[in-house]
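Participant: mmCIF, C-alpha atoms, file protein-v8.cif:
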data_query
#
loop_
_atom_site.group_PDB
_atom_site.id
_atom_site.type_symbol
_atom_site.label_atom_id
_atom_site.label_comp_id
_atom_site.auth_asym_id
_atom_site.auth_seq_id
_atom_site.Cartn_x
_atom_site.Cartn_y
_atom_site.Cartn_z
ATOM 1 C CA MET A 1 -25.584 8.094 -19.271
ATOM 2 C CA ASN A 2 -25.366 10.254 -16.156
ATOM 3 C CA ASN A 3 -22.193 10.798 -14.118
ATOM 4 C CA THR A 4 -23.045 8.040 -11.621
ATOM 5 C CA GLY A 5 -23.484 5.519 -14.431
ATOM 6 C CA LYS A 6 -20.256 6.639 -16.131
ATOM 7 C CA MET A 7 -18.414 6.374 -12.816
ATOM 8 C CA ALA A 8 -19.732 2.825 -12.293
ATOM 9 C CA ASP A 9 -18.512 1.925 -15.783
ATOM 10 C CA LEU A 10 -15.094 3.508 -15.166
ATOM 11 C CA LEU A 11 -14.779 1.730 -11.819
ATOM 12 C CA LYS A 12 -15.615 -1.589 -13.463
ATOM 13 C CA HIS A 13 -12.643 -1.135 -15.815
ATOM 14 C CA LEU A 14 -10.364 0.038 -13.016
ATOM 15 C CA MET A 15 -11.335 -2.814 -10.683
ATOM 16 C CA ARG A 16 -10.113 -5.358 -13.241
ATOM 17 C CA GLU A 17 -6.650 -3.852 -12.793
ATOM 18 C CA ARG A 18 -6.552 -3.554 -8.998
ATOM 19 C CA ASN A 19 -3.430 -4.671 -7.183
ATOM 20 C CA GLY A 20 -3.326 -4.998 -3.398
ATOM 21 C CA ALA A 21 0.467 -5.294 -3.364
ATOM 22 C CA VAL A 22 0.735 -1.849 -4.956
ATOM 23 C CA VAL A 23 -1.593 -0.403 -2.302
ATOM 24 C CA GLU A 24 0.594 -1.880 0.449
ATOM 25 C CA SER A 25 3.719 -0.514 -1.211
ATOM 26 C CA MET A 26 2.182 2.956 -1.501
ATOM 27 C CA GLU A 27 1.185 2.878 2.160
ATOM 28 C CA ARG A 28 4.730 1.897 3.183
ATOM 29 C CA GLY A 29 6.028 4.747 1.017
ATOM 30 C CA GLY A 30 3.801 7.266 2.790
ATOM 31 C CA LEU A 31 1.060 7.610 0.154
ATOM 32 C CA HIS A 32 -2.219 7.375 2.018
ATOM 33 C CA TYR A 33 -5.641 7.554 0.407
ATOM 34 C CA PRO A 34 -9.110 7.040 1.864
ATOM 35 C CA LEU A 35 -9.548 4.407 -0.866
ATOM 36 C CA SER A 36 -7.125 3.061 -3.453
ATOM 37 C CA TYR A 37 -7.204 0.042 -5.738
ATOM 38 C CA GLY A 38 -3.497 0.093 -6.580
ATOM 39 C CA VAL A 39 -3.982 0.498 -10.326
ATOM 40 C CA SER A 40 -0.793 1.559 -12.098
ATOM 41 C CA LEU A 41 -0.620 5.117 -13.378
ATOM 42 C CA PRO A 42 -0.258 4.172 -17.069
ATOM 43 C CA THR A 43 -3.322 1.947 -16.771
ATOM 44 C CA VAL A 44 -5.363 4.683 -15.075
ATOM 45 C CA TRP A 45 -4.365 7.125 -17.827
ATOM 46 C CA LYS A 46 -5.215 4.671 -20.605
ATOM 47 C CA ILE A 47 -8.648 3.858 -19.184
ATOM 48 C CA ALA A 48 -9.432 7.506 -18.356
ATOM 49 C CA ARG A 49 -8.643 8.677 -21.903
ATOM 50 C CA GLU A 50 -11.663 6.707 -23.101
ATOM 51 C CA TYR A 51 -13.900 9.139 -21.157
ATOM 52 C CA ALA A 52 -12.143 12.388 -22.097
ATOM 53 C CA PRO A 53 -12.873 15.186 -22.457
ATOM 54 C CA ASP A 54 -15.811 15.525 -20.103
ATOM 55 C CA HIS A 55 -15.202 18.356 -17.690
ATOM 56 C CA ASP A 56 -18.348 17.960 -15.613
ATOM 57 C CA PHE A 57 -17.666 14.246 -15.212
ATOM 58 C CA ALA A 58 -14.078 15.011 -14.167
ATOM 59 C CA LEU A 59 -15.285 17.389 -11.457
ATOM 60 C CA TYR A 60 -17.719 14.725 -10.246
ATOM 61 C CA LEU A 61 -14.965 12.083 -10.086
ATOM 62 C CA TYR A 62 -12.576 14.372 -8.237
ATOM 63 C CA ARG A 63 -15.034 14.750 -5.380
ATOM 64 C CA GLN A 64 -15.080 10.979 -4.732
ATOM 65 C CA GLN A 65 -11.809 10.759 -2.745
ATOM 66 C CA VAL A 66 -10.747 7.549 -4.506
ATOM 67 C CA ARG A 67 -7.163 7.597 -5.805
ATOM 68 C CA GLU A 68 -7.884 6.190 -9.235
ATOM 69 C CA LEU A 69 -10.931 8.418 -9.759
ATOM 70 C CA MET A 70 -8.982 11.524 -8.788
ATOM 71 C CA LEU A 71 -6.139 10.589 -11.137
ATOM 72 C CA SER A 72 -8.676 9.854 -13.880
ATOM 73 C CA ALA A 73 -10.279 13.259 -13.339
ATOM 74 C CA TYR A 74 -7.034 15.006 -14.313
ATOM 75 C CA VAL A 75 -7.027 13.153 -17.653
ATOM 76 C CA ILE A 76 -10.768 13.496 -18.318
ATOM 77 C CA ALA A 77 -11.023 17.214 -17.507
ATOM 78 C CA ASP A 78 -11.134 19.642 -20.397
ATOM 79 C CA PRO A 79 -8.100 21.926 -19.927
ATOM 80 C CA THR A 80 -9.810 24.737 -21.834
ATOM 81 C CA ARG A 81 -12.576 24.816 -19.221
ATOM 82 C CA VAL A 82 -10.366 25.072 -16.118
ATOM 83 C CA THR A 83 -10.949 28.544 -14.714
ATOM 84 C CA ALA A 84 -9.017 30.603 -12.214
ATOM 85 C CA GLU A 85 -11.881 30.177 -9.752
ATOM 86 C CA GLU A 86 -11.805 26.411 -10.242
ATOM 87 C CA LEU A 87 -8.081 26.190 -9.490
ATOM 88 C CA GLU A 88 -8.838 26.286 -5.759
ATOM 89 C CA PHE A 89 -11.158 23.266 -6.138
ATOM 90 C CA TRP A 90 -8.466 21.200 -7.859
ATOM 91 C CA ALA A 91 -5.766 22.358 -5.428
ATOM 92 C CA ALA A 92 -7.853 21.368 -2.387
ATOM 93 C CA GLY A 93 -7.736 17.717 -3.451
ATOM 94 C CA ILE A 94 -3.948 17.580 -3.742
ATOM 95 C CA VAL A 95 -2.862 15.853 -0.564
ATOM 96 C CA ASN A 96 0.407 14.216 -1.637
ATOM 97 C CA ARG A 97 3.216 14.275 -4.171
ATOM 98 C CA GLU A 98 1.612 11.722 -6.495
ATOM 99 C CA LEU A 99 -1.521 13.833 -6.904
ATOM 100 C CA ALA A 100 0.526 17.033 -7.257
ATOM 101 C CA GLU A 101 2.651 15.564 -10.045
ATOM 102 C CA ASN A 102 -0.308 14.070 -11.873
ATOM 103 C CA PHE A 103 -2.256 17.304 -11.573
ATOM 104 C CA ALA A 104 0.767 19.129 -12.985
ATOM 105 C CA PHE A 105 1.451 16.800 -15.893
ATOM 106 C CA SER A 106 -2.047 15.647 -16.844
ATOM 107 C CA LEU A 107 -4.023 18.858 -16.380
ATOM 108 C CA LEU A 108 -2.386 22.034 -15.051
ATOM 109 C CA SER A 109 0.367 22.098 -17.694
ATOM 110 C CA ARG A 110 -2.320 22.066 -20.401
ATOM 111 C CA THR A 111 -4.162 25.110 -18.997
ATOM 112 C CA GLN A 112 -3.469 28.810 -18.712
ATOM 113 C CA GLN A 113 -4.028 28.454 -14.958
ATOM 114 C CA VAL A 114 -0.434 27.324 -14.436
ATOM 115 C CA TYR A 115 0.519 31.009 -14.416
ATOM 116 C CA ARG A 116 -2.132 31.816 -11.814
ATOM 117 C CA ALA A 117 -0.781 29.001 -9.628
ATOM 118 C CA LEU A 118 2.754 30.326 -10.059
ATOM 119 C CA ASP A 119 1.611 33.845 -9.132
ATOM 120 C CA CYS A 120 -0.254 32.488 -6.110
ATOM 121 C CA TRP A 121 2.919 30.786 -4.933
ATOM 122 C CA GLY A 122 5.099 33.784 -5.753
ATOM 123 C CA HIS A 123 2.903 35.881 -3.473
ATOM 124 C CA GLY A 124 2.961 33.262 -0.704
ATOM 125 C CA ALA A 125 -0.789 32.661 -0.998
ATOM 126 C CA CYS A 126 -0.846 28.931 -1.721
ATOM 127 C CA GLY A 127 0.540 25.811 -0.144
ATOM 128 C CA GLU A 128 3.566 23.686 -0.890
ATOM 129 C CA LEU A 129 1.793 21.038 -2.974
ATOM 130 C CA LEU A 130 0.129 23.517 -5.331
ATOM 131 C CA ALA A 131 3.425 25.394 -5.654
ATOM 132 C CA TYR A 132 5.154 22.093 -6.450
ATOM 133 C CA ALA A 133 2.466 21.254 -9.016
ATOM 134 C CA ALA A 134 2.833 24.692 -10.616
ATOM 135 C CA LEU A 135 6.601 24.345 -10.948
ATOM 136 C CA MET A 136 6.310 20.819 -12.329
ATOM 137 C CA ALA A 137 3.648 22.011 -14.800
ATOM 138 C CA LEU A 138 6.110 24.629 -15.974
ATOM 139 C CA VAL A 139 8.740 21.891 -16.378
ATOM 140 C CA LYS A 140 6.228 20.017 -18.535
ATOM 141 C CA ALA A 141 5.575 23.172 -20.574
ATOM 142 C CA PHE A 142 9.303 23.319 -21.377
ATOM 143 C CA ASP A 143 9.206 19.635 -22.344
ATOM 144 C CA ARG A 144 6.300 20.314 -24.710
ATOM 145 C CA LYS A 145 8.036 23.413 -25.989
ATOM 146 C CA ALA A 146 4.857 25.274 -25.106
ATOM 147 C CA ASP A 147 4.566 28.976 -24.436
ATOM 148 C CA VAL A 148 6.546 29.641 -21.259
ATOM 149 C CA PRO A 149 7.085 32.829 -19.258
ATOM 150 C CA SER A 150 10.119 35.030 -19.709
ATOM 151 C CA ARG A 151 13.545 33.771 -18.678
ATOM 152 C CA SER A 152 13.620 36.304 -15.810
ATOM 153 C CA SER A 153 10.261 35.035 -14.491
ATOM 154 C CA VAL A 154 11.431 31.432 -14.670
ATOM 155 C CA ALA A 155 14.684 32.375 -12.929
ATOM 156 C CA GLU A 156 12.637 33.991 -10.173
ATOM 157 C CA TYR A 157 10.574 30.803 -9.694
ATOM 158 C CA VAL A 158 13.788 28.773 -9.570
ATOM 159 C CA ARG A 159 15.185 31.147 -6.930
ATOM 160 C CA TYR A 160 11.993 30.878 -4.842
ATOM 161 C CA GLY A 161 12.241 27.093 -5.025
ATOM 162 C CA HIS A 162 15.855 27.038 -3.937
ATOM 163 C CA GLU A 163 15.187 29.485 -1.095
ATOM 164 C CA SER A 164 12.280 27.403 0.183
ATOM 165 C CA GLU A 165 12.678 24.985 3.073
ATOM 166 C CA SER A 166 10.676 22.396 1.107
ATOM 167 C CA THR A 167 12.561 19.494 -0.454
ATOM 168 C CA LEU A 168 9.732 19.173 -2.997
ATOM 169 C CA LEU A 169 10.173 22.764 -4.115
ATOM 170 C CA HIS A 170 13.965 22.348 -4.234
ATOM 171 C CA HIS A 171 13.469 19.311 -6.492
ATOM 172 C CA ALA A 172 11.048 21.164 -8.782
ATOM 173 C CA ALA A 173 13.374 24.184 -8.966
ATOM 174 C CA GLU A 174 16.264 21.921 -9.973
ATOM 175 C CA MET A 175 14.142 20.282 -12.687
ATOM 176 C CA LEU A 176 13.076 23.690 -13.980
ATOM 177 C CA GLU A 177 16.657 24.949 -13.955
ATOM 178 C CA ILE A 178 17.766 21.934 -16.021
ATOM 179 C CA ARG A 179 14.986 22.570 -18.580
ATOM 180 C CA MET A 180 15.874 26.254 -18.766
ATOM 181 C CA GLU A 181 19.566 25.431 -19.361
ATOM 182 C CA SER A 182 18.691 22.927 -22.095
ATOM 183 C CA ILE A 183 16.961 25.707 -24.043
ATOM 184 C CA ASP A 184 20.099 27.834 -23.847
ATOM 185 C CA GLU A 185 22.134 25.124 -25.549
#
How does this structure look as structure tokens?
Facilitator:
Amino acid sequence: MNNTGKMADLLKHLMRERNGAVVESMERGGLHYPLSYGVSLPTVWKIAREYAPDHDFALYLYRQQVRELMLSAYVIADPTRVTAEELEFWAAGIVNRELAENFAFSLLSRTQQVYRALDCWGHGACGELLAYAALMALVKAFDRKADVPSRSSVAEYVRYGHESESTLLHHAAEMLEIRMESIDE
């Protein structure tokens, strides 16, 4: 089955779970999407796992500008195939906190590109949402007890977050600081 057929099949499953009240609530909360069906995150993840891994399909879905398809793409993508060059593609689609967090937890934290995103931010070359995603991916790496950068590097990222004017980056820096302290115990 080609990507269009797989997307139609995925949408059929997602449409069974749509919830207009959730869409209204997201809109009131400031989460705006060109198109959203209001499917809960756990349901999106569960349905998307049935299609994973399929990196080319994930890239196709991410281009569709539909909330549930973009969230599914993070789950369906093959983390071993995410390249440094591709990071810009994924980052361009992150337009709000929900997408940033899901990108961080479902995909970026499972790639080696988290360090490229952190370096990009450390050099002031990427935007707030990618920086937030990178910090949250690092938080997730601590949660998984995955390979994390040196304590001094992490401390530097925490400092950058605290020095930022962004409340998102302050939040991520606090979360990272808590994870770092828990390892010291």
Participant: Could you produce a table of the residues of segment 66-177 of chain A lying within 9 Å of segment 43-54 of chain A, with the nearest pair of atoms per residue and their separation in Å rounded to one decimal, using all atoms listed in the file, ordered by chain and increasing residue number, as a tab-separated table?
Facilitator:
residue	atom	partner	partner_atom	distance
A:Glu68	CA	A:Val44	CA	6.5
A:Leu69	CA	A:Val44	CA	8.6
A:Leu71	CA	A:Val44	CA	7.1
A:Ser72	CA	A:Ala48	CA	5.1
A:Ala73	CA	A:Ala48	CA	7.7
A:Tyr74	CA	A:Ala48	CA	8.9
A:Val75	CA	A:Ala48	CA	6.2
A:Ile76	CA	A:Ala52	CA	4.2
A:Ala77	CA	A:Pro53	CA	5.7
A:Asp78	CA	A:Pro53	CA	5.2
A:Pro79	CA	A:Pro53	CA	8.6
A:Ser106	CA	A:Trp45	CA	8.9
Participant: Put the listed atoms of segment 135-141 of chain A in a box along x, y and z with 5 Å added on every side and give me the centre and edge lengths in Å to one decimal, as AutoDock Vina command-line options.
Facilitator:
--center_x 6.2 --center_y 22.3 --center_z -15.8 --size_x 15.1 --size_y 14.6 --size_z 19.6
Participant: Compile the contact shell of Gly161 of chain A as number ranges by chain: residues with an atom at most 6 Å away, counting all atoms listed in the file, same-chain residues fewer than 5 positions apart removed.
Facilitator: A: 169-170, 173
Participant: When you count all atoms listed in the file, which of these residues is closest to Arg18 of chain A: A:Glu181, A:Tyr33, A:Met1, A:Leu41?
Facilitator: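 Comparing A:Glu181, A:Tyr33, A:Met1, A:Leu41 against Arg18 of chain A, the winner is A:Leu41.
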Participant: If I put a ball of radius 12 Å at (-3.8, 33.4, -11.9) in the file's coordinates, which residues poke into it when counting only C-alpha atoms, written as a PyMOL selection string?
Facilitator: chain A and resi 82-88+108+111-123+125-126+134
Participant: Save out the residues we just selected, C-alpha atoms, as a PDB file, in the frame of the given file.
Facilitator:
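Output file result-v4.pdb is given in full below:
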ATOM      1  CA  VAL A  82     -10.366  25.072 -16.118  1.00  0.00           C
ATOM      2  CA  THR A  83     -10.949  28.544 -14.714  1.00  0.00           C
ATOM      3  CA  ALA A  84      -9.017  30.603 -12.214  1.00  0.00           C
ATOM      4  CA  GLU A  85     -11.881  30.177  -9.752  1.00  0.00           C
ATOM      5  CA  GLU A  86     -11.805  26.411 -10.242  1.00  0.00           C
ATOM      6  CA  LEU A  87      -8.081  26.190  -9.490  1.00  0.00           C
ATOM      7  CA  GLU A  88      -8.838  26.286  -5.759  1.00  0.00           C
ATOM      8  CA  LEU A 108      -2.386  22.034 -15.051  1.00  0.00           C
ATOM      9  CA  THR A 111      -4.162  25.110 -18.997  1.00  0.00           C
ATOM     10  CA  GLN A 112      -3.469  28.810 -18.712  1.00  0.00           C
ATOM     11  CA  GLN A 113      -4.028  28.454 -14.958  1.00  0.00           C
ATOM     12  CA  VAL A 114      -0.434  27.324 -14.436  1.00  0.00           C
ATOM     13  CA  TYR A 115       0.519  31.009 -14.416  1.00  0.00           C
ATOM     14  CA  ARG A 116      -2.132  31.816 -11.814  1.00  0.00           C
ATOM     15  CA  ALA A 117      -0.781  29.001  -9.628  1.00  0.00           C
ATOM     16  CA  LEU A 118       2.754  30.326 -10.059  1.00  0.00           C
ATOM     17  CA  ASP A 119       1.611  33.845  -9.132  1.00  0.00           C
ATOM     18  CA  CYS A 120      -0.254  32.488  -6.110  1.00  0.00           C
ATOM     19  CA  TRP A 121       2.919  30.786  -4.933  1.00  0.00           C
ATOM     20  CA  GLY A 122       5.099  33.784  -5.753  1.00  0.00           C
ATOM     21  CA  HIS A 123       2.903  35.881  -3.473  1.00  0.00           C
ATOM     22  CA  ALA A 125      -0.789  32.661  -0.998  1.00  0.00           C
ATOM     23  CA  CYS A 126      -0.846  28.931  -1.721  1.00  0.00           C
ATOM     24  CA  ALA A 134       2.833  24.692 -10.616  1.00  0.00           C
TER      25      ALA A 134
END
Participant: Can you give me, as a PyMOL selection string, the residues this file yields under the PyMOL selection byres ((chain A and resi 20) around 10)?
Facilitator: chain A and resi 18-19+21-26+36-39
Participant: Applied to the shown file, which residues does the PyMOL selection byres ((chain A and resi 91) around 10) return, written as a PyMOL selection string?
Facilitator: chain A and resi 86-90+92-95+99-100+103+117+126-127+129-131+133
Participant: How far is it from atom CA of Arg16 of chain A to atom CA of Ala58 of chain A, in Å with one decimal?
Facilitator: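 Atom-to-atom, atom CA of Arg16 of chain A and atom CA of Ala58 of chain A are spaced 20.8 Å apart.
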Participant: Rounded to one decimal, what separation in Å do you get between atom CA of Gly29 of chain A and atom CA of Asn102 of chain A?
Facilitator: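 Result for atom CA of Gly29 of chain A versus atom CA of Asn102 of chain A: 17.1 Å, one decimal.
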Participant: Leaving out Lys6 of chain A and any residue of its chain fewer than 4 positions from it, which residues lie within 10 Å of it when counting all atoms listed in the file, given as a PyMOL selection string?
Facilitator: chain A and resi 1-2+10-12+51+57+61
Participant: Measuring atom to atom with all atoms listed in the file, identify which of A:Arg97, A:His162, A:Ser152, A:Met180 is nearest to Tyr132 of chain A.
Facilitator: A:Arg97
Participant: Can you work out the spacing between atom CA of Glu165 of chain A and atom CA of Ala104 of chain A in Å, to one decimal?
Facilitator: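 Distance reported for this atom pair: 20.8 Å.
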Participant: From the list A:Met7, A:Val154, A:Arg179, A:Val148, which residue is nearest Tyr62 of chain A when using only C-alpha atoms?
Facilitator: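 Among the listed residues, the smallest separation from Tyr62 of chain A belongs to A:Met7.
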Participant: Would you mind completing segment 52-63 of chain A so that it carries all heavy atoms, and writing it out as a PDB file, keeping the file's coordinate frame?
Facilitator:
ATOM      1  N   ALA A  52     -12.526  10.980 -21.936  1.00  0.00           N
ATOM      2  CA  ALA A  52     -12.143  12.388 -22.097  1.00  0.00           C
ATOM      3  C   ALA A  52     -12.570  12.925 -23.456  1.00  0.00           C
ATOM      4  O   ALA A  52     -12.667  12.166 -24.409  1.00  0.00           O
ATOM      5  CB  ALA A  52     -10.634  12.516 -21.940  1.00  0.00           C
ATOM      6  N   PRO A  53     -12.737  14.231 -23.554  1.00  0.00           N
ATOM      7  CA  PRO A  53     -12.873  15.186 -22.457  1.00  0.00           C
ATOM      8  C   PRO A  53     -14.323  15.264 -21.977  1.00  0.00           C
ATOM      9  O   PRO A  53     -15.248  15.219 -22.778  1.00  0.00           O
ATOM     10  CB  PRO A  53     -12.453  16.511 -23.088  1.00  0.00           C
ATOM     11  CG  PRO A  53     -12.880  16.377 -24.527  1.00  0.00           C
ATOM     12  CD  PRO A  53     -12.744  14.910 -24.860  1.00  0.00           C
ATOM     13  N   ASP A  54     -14.486  15.368 -20.712  1.00  0.00           N
ATOM     14  CA  ASP A  54     -15.811  15.525 -20.103  1.00  0.00           C
ATOM     15  C   ASP A  54     -15.594  16.241 -18.771  1.00  0.00           C
ATOM     16  O   ASP A  54     -15.421  15.611 -17.732  1.00  0.00           O
ATOM     17  CB  ASP A  54     -16.483  14.170 -19.906  1.00  0.00           C
ATOM     18  CG  ASP A  54     -17.928  14.283 -19.453  1.00  0.00           C
ATOM     19  OD1 ASP A  54     -18.301  15.324 -18.857  1.00  0.00           O
ATOM     20  OD2 ASP A  54     -18.680  13.318 -19.662  1.00  0.00           O
ATOM     21  N   HIS A  55     -15.581  17.547 -18.843  1.00  0.00           N
ATOM     22  CA  HIS A  55     -15.202  18.356 -17.690  1.00  0.00           C
ATOM     23  C   HIS A  55     -16.120  18.155 -16.493  1.00  0.00           C
ATOM     24  O   HIS A  55     -15.651  18.008 -15.364  1.00  0.00           O
ATOM     25  CB  HIS A  55     -15.138  19.831 -18.084  1.00  0.00           C
ATOM     26  CG  HIS A  55     -14.323  20.650 -17.158  1.00  0.00           C
ATOM     27  ND1 HIS A  55     -12.954  20.536 -17.065  1.00  0.00           N
ATOM     28  CD2 HIS A  55     -14.682  21.586 -16.237  1.00  0.00           C
ATOM     29  CE1 HIS A  55     -12.499  21.367 -16.159  1.00  0.00           C
ATOM     30  NE2 HIS A  55     -13.526  22.019 -15.635  1.00  0.00           N
ATOM     31  N   ASP A  56     -17.411  18.139 -16.730  1.00  0.00           N
ATOM     32  CA  ASP A  56     -18.348  17.960 -15.613  1.00  0.00           C
ATOM     33  C   ASP A  56     -18.159  16.597 -14.950  1.00  0.00           C
ATOM     34  O   ASP A  56     -18.208  16.487 -13.718  1.00  0.00           O
ATOM     35  CB  ASP A  56     -19.790  18.133 -16.085  1.00  0.00           C
ATOM     36  CG  ASP A  56     -20.076  19.561 -16.534  1.00  0.00           C
ATOM     37  OD1 ASP A  56     -19.426  20.493 -16.007  1.00  0.00           O
ATOM     38  OD2 ASP A  56     -20.931  19.746 -17.423  1.00  0.00           O
ATOM     39  N   PHE A  57     -17.923  15.583 -15.747  1.00  0.00           N
ATOM     40  CA  PHE A  57     -17.666  14.246 -15.212  1.00  0.00           C
ATOM     41  C   PHE A  57     -16.377  14.243 -14.404  1.00  0.00           C
ATOM     42  O   PHE A  57     -16.303  13.658 -13.325  1.00  0.00           O
ATOM     43  CB  PHE A  57     -17.611  13.223 -16.349  1.00  0.00           C
ATOM     44  CG  PHE A  57     -17.389  11.798 -15.918  1.00  0.00           C
ATOM     45  CD1 PHE A  57     -18.097  11.246 -14.850  1.00  0.00           C
ATOM     46  CD2 PHE A  57     -16.499  10.992 -16.600  1.00  0.00           C
ATOM     47  CE1 PHE A  57     -17.902   9.919 -14.468  1.00  0.00           C
ATOM     48  CE2 PHE A  57     -16.297   9.665 -16.227  1.00  0.00           C
ATOM     49  CZ  PHE A  57     -16.996   9.132 -15.156  1.00  0.00           C
ATOM     50  N   ALA A  58     -15.355  14.934 -14.891  1.00  0.00           N
ATOM     51  CA  ALA A  58     -14.078  15.011 -14.167  1.00  0.00           C
ATOM     52  C   ALA A  58     -14.266  15.654 -12.792  1.00  0.00           C
ATOM     53  O   ALA A  58     -13.734  15.159 -11.789  1.00  0.00           O
ATOM     54  CB  ALA A  58     -13.052  15.789 -14.981  1.00  0.00           C
ATOM     55  N   LEU A  59     -15.024  16.729 -12.742  1.00  0.00           N
ATOM     56  CA  LEU A  59     -15.285  17.389 -11.457  1.00  0.00           C
ATOM     57  C   LEU A  59     -16.024  16.448 -10.505  1.00  0.00           C
ATOM     58  O   LEU A  59     -15.731  16.393  -9.311  1.00  0.00           O
ATOM     59  CB  LEU A  59     -16.088  18.672 -11.667  1.00  0.00           C
ATOM     60  CG  LEU A  59     -15.387  19.781 -12.454  1.00  0.00           C
ATOM     61  CD1 LEU A  59     -16.359  20.908 -12.779  1.00  0.00           C
ATOM     62  CD2 LEU A  59     -14.165  20.301 -11.723  1.00  0.00           C
ATOM     63  N   TYR A  60     -16.958  15.706 -11.035  1.00  0.00           N
ATOM     64  CA  TYR A  60     -17.719  14.725 -10.246  1.00  0.00           C
ATOM     65  C   TYR A  60     -16.777  13.653  -9.686  1.00  0.00           C
ATOM     66  O   TYR A  60     -16.838  13.324  -8.493  1.00  0.00           O
ATOM     67  CB  TYR A  60     -18.794  14.102 -11.135  1.00  0.00           C
ATOM     68  CG  TYR A  60     -19.622  13.042 -10.473  1.00  0.00           C
ATOM     69  CD1 TYR A  60     -20.669  13.382  -9.620  1.00  0.00           C
ATOM     70  CD2 TYR A  60     -19.379  11.692 -10.701  1.00  0.00           C
ATOM     71  CE1 TYR A  60     -21.448  12.408  -9.014  1.00  0.00           C
ATOM     72  CE2 TYR A  60     -20.146  10.708 -10.105  1.00  0.00           C
ATOM     73  CZ  TYR A  60     -21.179  11.070  -9.255  1.00  0.00           C
ATOM     74  OH  TYR A  60     -21.935  10.096  -8.658  1.00  0.00           O
ATOM     75  N   LEU A  61     -15.904  13.123 -10.525  1.00  0.00           N
ATOM     76  CA  LEU A  61     -14.965  12.083 -10.086  1.00  0.00           C
ATOM     77  C   LEU A  61     -14.024  12.595  -9.002  1.00  0.00           C
ATOM     78  O   LEU A  61     -13.708  11.880  -8.051  1.00  0.00           O
ATOM     79  CB  LEU A  61     -14.127  11.578 -11.266  1.00  0.00           C
ATOM     80  CG  LEU A  61     -14.834  10.797 -12.341  1.00  0.00           C
ATOM     81  CD1 LEU A  61     -13.879  10.484 -13.484  1.00  0.00           C
ATOM     82  CD2 LEU A  61     -15.442   9.518 -11.771  1.00  0.00           C
ATOM     83  N   TYR A  62     -13.570  13.822  -9.155  1.00  0.00           N
ATOM     84  CA  TYR A  62     -12.576  14.372  -8.237  1.00  0.00           C
ATOM     85  C   TYR A  62     -13.114  14.499  -6.817  1.00  0.00           C
ATOM     86  O   TYR A  62     -12.360  14.449  -5.860  1.00  0.00           O
ATOM     87  CB  TYR A  62     -12.106  15.731  -8.757  1.00  0.00           C
ATOM     88  CG  TYR A  62     -10.767  16.159  -8.211  1.00  0.00           C
ATOM     89  CD1 TYR A  62      -9.618  15.421  -8.480  1.00  0.00           C
ATOM     90  CD2 TYR A  62     -10.646  17.303  -7.447  1.00  0.00           C
ATOM     91  CE1 TYR A  62      -8.383  15.824  -7.994  1.00  0.00           C
ATOM     92  CE2 TYR A  62      -9.415  17.712  -6.956  1.00  0.00           C
ATOM     93  CZ  TYR A  62      -8.289  16.962  -7.232  1.00  0.00           C
ATOM     94  OH  TYR A  62      -7.067  17.357  -6.748  1.00  0.00           O
ATOM     95  N   ARG A  63     -14.408  14.628  -6.703  1.00  0.00           N
ATOM     96  CA  ARG A  63     -15.034  14.750  -5.380  1.00  0.00           C
ATOM     97  C   ARG A  63     -15.126  13.414  -4.649  1.00  0.00           C
ATOM     98  O   ARG A  63     -15.462  13.379  -3.468  1.00  0.00           O
ATOM     99  CB  ARG A  63     -16.442  15.325  -5.524  1.00  0.00           C
ATOM    100  CG  ARG A  63     -16.486  16.750  -5.956  1.00  0.00           C
ATOM    101  CD  ARG A  63     -17.929  17.251  -6.053  1.00  0.00           C
ATOM    102  NE  ARG A  63     -17.976  18.596  -6.536  1.00  0.00           N
ATOM    103  CZ  ARG A  63     -18.272  18.937  -7.789  1.00  0.00           C
ATOM    104  NH1 ARG A  63     -18.571  18.018  -8.683  1.00  0.00           N
ATOM    105  NH2 ARG A  63     -18.284  20.205  -8.145  1.00  0.00           N
TER     106      ARG A  63
END
